[in-house]
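See below for the structure under consideration.
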Amino acid sequence: MKFSFLQPGRDPEPDGWEDFRRGHDLTAIWSYDVIRASFERSWARPLLCVVHEAGRIVGAVGAIRFGRGPLVLDVRLPAHSNGPTWCLPGGAEGRELIRGFERAAAAEFGWRLAGVVYRMVTEAALPLVARTGALVRQSPGTTQLPVRWPARDGWIATLSRNRRSTLRRQIRRIEEDGTLTVVEGNGRTDLDPAELARLHERHAARLTAPTTPRGWVAAALDRRLPLTAAYFAELIRRDDVRTVSYHEGDRLLAFAVVYDHPTTPMYGPWAALPAEEGGRKDLYFDSYVRIIAHATAGRAERLFAGRGFVDVKRSLGFDYLPMRLVAVPRWAIG
């Protein structure tokens with residue numbers, strides 16, 4: 001096995017990467033060009049560890065490098081929140097590849113490597129990284145919706161009476177609003193990536209600003225990864241990325257990004273103006289109506305919707321999937 005650490009902002013795409021990504025049904029989050037775009041004007045420095053055997057790629061781990069002196073490998077990628085950012089076999093083979101990744105990281109970074117943090121570890125993936133000496137903690141879980149209906153209305157009919165009536169009222173209100181322009185589609189070229197990045201930054205800062213000492217500590221340990229204009233420019237133009245946008249005249253009110261996939265699409269970044277600045281609260285729910293309609297039309301099996309707003313997502317029929325954080329100190333790696 002050969003473990004190679006690549007910096008997409010500097011190193012060329014490895015031969016066979018796109019074939020590996022498509023062959024394992026990985027979404028656009030794993031596109032080398034998308035990962036590369038996240039470098040520009042960002043403190044985040046994503047790494048891609050590619051595992052080769054007999055000249056072909058057999059696994060990969062995506063991570064963020066933190067620190068200049070002592071450093072930590074934080075196993076996650078920008079905009080991913082539905083599970084661990086590795087593509088490896090399960091069972092004993094997967095555990096051995098994880099240990100090989102850690103040994104290769106120790107050789108690559110030497111004394112500076114303080115440890116490895118695995119985020120968004122699902123229950124099924126936990127045995128690959130948990131071990132004596134590791135710190136295992138609950139972390140915010142993700143959400144998923146089993147797609148069982150041929151059309152949007154079948155999904156709405158399964159919701160509570162109150163949620164059904166509210167959604168139907170919101171759908172009518174938006175359809176009848178002549179001041180609102182809603183556009184959705186894949187491979188969008190009509191949006192300004194810089195405007196998307198600014199709105200997303202403001203939205204994320206508003207939601208994640210800590211208000212207590214515990215909140216400050218949590219924010220420091222789970223630092224939010226920025227999504228830059230370069231990232232959105234590379235992302236929304238892709239045929240496997242769907243964007244829903246809401247404008248009032250020339251003013252962008254909100255947008256949603258979906259990492260499209262035949263069986264498991266993922267709801268990605270969402271951002272909106274607050275009501276006090278002219279935003280509309282009903283657009284968030286409308287985005288789910290449209291994204292679920294797209295998922296049912298495409299005969300998807302599951303729709304992932306990431307972390308946060310769990311109670312709201314449960315009211316829309318989503319299930320909660322618990323996840324863990326596993327921190328492995330230097331002396332326990334490999």
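Residues in the structure tokens are named by chain (A, B, ... in the order shown) and by number from 1 within that chain; ligands are numbered from 1 in the order shown.
Neighbours of His261 (chain A) closer than or equal to 8 Å, with only C-alpha atoms counted and sequence neighbours fewer than 2 positions away skipped, come out as Asp25, Thr27, Asp240, Tyr259, Thr263, Thr264, Pro265, Met266 and Ala300 of chain A.
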Which parts of region 1-237 of chain A does DSSP call strand (DSSP E) when run on the backbone here, written out as JSON, numbers by chain?
{"A": [2, 3, 4, 5, 6, 46, 47, 48, 49, 50, 51, 52, 53, 56, 57, 58, 59, 60, 61, 62, 63, 64, 65, 66, 71, 72, 73, 74, 75, 86, 87, 113, 114, 115, 116, 117, 118, 119, 120, 121, 122, 135, 136, 137, 138, 139, 140, 141, 142, 143, 144, 145, 146, 180, 181, 182, 183, 184, 185, 186]}
Name the closest residue to Pro329 (chain A) among the candidates A:Ala254, A:Val72, A:Ala197, A:Leu191; distances are taken between atoms, counting only C-alpha atoms.
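Nearest to Pro329 (chain A): A:Val72.
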When you look at region 112-115 of chain A with a cut-off of 6 Å (counting only C-alpha atoms), what residues show up, excluding the ones that are within fewer than 6 positions of it in the same chain? I need them as a ChimeraX atom specification.
/A:69-72,328-330
Only all heavy atoms, please: the residues just picked out, written as a PDB file, in the first residue's frame.
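Saved as again_20.pdb:
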```
ATOM      1  N   GLY A  69       3.105  24.841  14.047  1.00  0.00           N
ATOM      2  CA  GLY A  69       4.053  24.092  14.850  1.00  0.00           C
ATOM      3  C   GLY A  69       3.445  22.741  15.102  1.00  0.00           C
ATOM      4  O   GLY A  69       3.314  21.931  14.176  1.00  0.00           O
ATOM      5  N   PRO A  70       3.001  22.459  16.328  1.00  0.00           N
ATOM      6  CA  PRO A  70       2.200  21.244  16.523  1.00  0.00           C
ATOM      7  C   PRO A  70       0.932  21.342  15.678  1.00  0.00           C
ATOM      8  O   PRO A  70       0.246  22.367  15.691  1.00  0.00           O
ATOM      9  CB  PRO A  70       1.896  21.269  18.021  1.00  0.00           C
ATOM     10  CG  PRO A  70       2.954  22.124  18.620  1.00  0.00           C
ATOM     11  CD  PRO A  70       3.266  23.162  17.585  1.00  0.00           C
ATOM     12  N   LEU A  71       0.632  20.331  14.929  1.00  0.00           N
ATOM     13  CA  LEU A  71      -0.535  20.388  14.061  1.00  0.00           C
ATOM     14  C   LEU A  71      -1.422  19.169  14.281  1.00  0.00           C
ATOM     15  O   LEU A  71      -0.978  18.121  14.772  1.00  0.00           O
ATOM     16  CB  LEU A  71      -0.137  20.512  12.590  1.00  0.00           C
ATOM     17  CG  LEU A  71       0.696  19.404  11.943  1.00  0.00           C
ATOM     18  CD1 LEU A  71      -0.187  18.309  11.367  1.00  0.00           C
ATOM     19  CD2 LEU A  71       1.547  19.990  10.831  1.00  0.00           C
ATOM     20  N   VAL A  72      -2.675  19.327  13.915  1.00  0.00           N
ATOM     21  CA  VAL A  72      -3.682  18.281  14.022  1.00  0.00           C
ATOM     22  C   VAL A  72      -4.284  18.055  12.650  1.00  0.00           C
ATOM     23  O   VAL A  72      -4.552  19.012  11.914  1.00  0.00           O
ATOM     24  CB  VAL A  72      -4.787  18.675  15.028  1.00  0.00           C
ATOM     25  CG1 VAL A  72      -5.931  17.678  15.000  1.00  0.00           C
ATOM     26  CG2 VAL A  72      -4.210  18.793  16.435  1.00  0.00           C
ATOM     27  N   VAL A 328      -7.652  11.135  18.396  1.00  0.00           N
ATOM     28  CA  VAL A 328      -6.583  10.158  18.626  1.00  0.00           C
ATOM     29  C   VAL A 328      -5.272  10.908  18.858  1.00  0.00           C
ATOM     30  O   VAL A 328      -4.758  11.541  17.928  1.00  0.00           O
ATOM     31  CB  VAL A 328      -6.443   9.200  17.423  1.00  0.00           C
ATOM     32  CG1 VAL A 328      -5.392   8.130  17.720  1.00  0.00           C
ATOM     33  CG2 VAL A 328      -7.786   8.565  17.086  1.00  0.00           C
ATOM     34  N   PRO A 329      -4.721  10.886  20.079  1.00  0.00           N
ATOM     35  CA  PRO A 329      -3.450  11.570  20.328  1.00  0.00           C
ATOM     36  C   PRO A 329      -2.285  10.881  19.618  1.00  0.00           C
ATOM     37  O   PRO A 329      -2.393   9.702  19.233  1.00  0.00           O
ATOM     38  CB  PRO A 329      -3.301  11.478  21.843  1.00  0.00           C
ATOM     39  CG  PRO A 329      -4.083  10.278  22.238  1.00  0.00           C
ATOM     40  CD  PRO A 329      -5.223  10.191  21.271  1.00  0.00           C
ATOM     41  N   ARG A 330      -1.183  11.583  19.492  1.00  0.00           N
ATOM     42  CA  ARG A 330      -0.045  11.063  18.736  1.00  0.00           C
ATOM     43  C   ARG A 330       0.394   9.686  19.212  1.00  0.00           C
ATOM     44  O   ARG A 330       0.683   8.778  18.421  1.00  0.00           O
ATOM     45  CB  ARG A 330       1.124  12.069  18.827  1.00  0.00           C
ATOM     46  CG  ARG A 330       2.457  11.585  18.246  1.00  0.00           C
ATOM     47  CD  ARG A 330       2.332  11.287  16.752  1.00  0.00           C
ATOM     48  NE  ARG A 330       3.573  10.737  16.212  1.00  0.00           N
ATOM     49  CZ  ARG A 330       4.440  11.457  15.531  1.00  0.00           C
ATOM     50  NH1 ARG A 330       4.214  12.744  15.314  1.00  0.00           N
ATOM     51  NH2 ARG A 330       5.536  10.903  15.071  1.00  0.00           N
TER      52      ARG A 330
END
```
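What separates CA of Val61 (chain A) from CA of Leu47 (chain A) is a distance of 8.3 Å.
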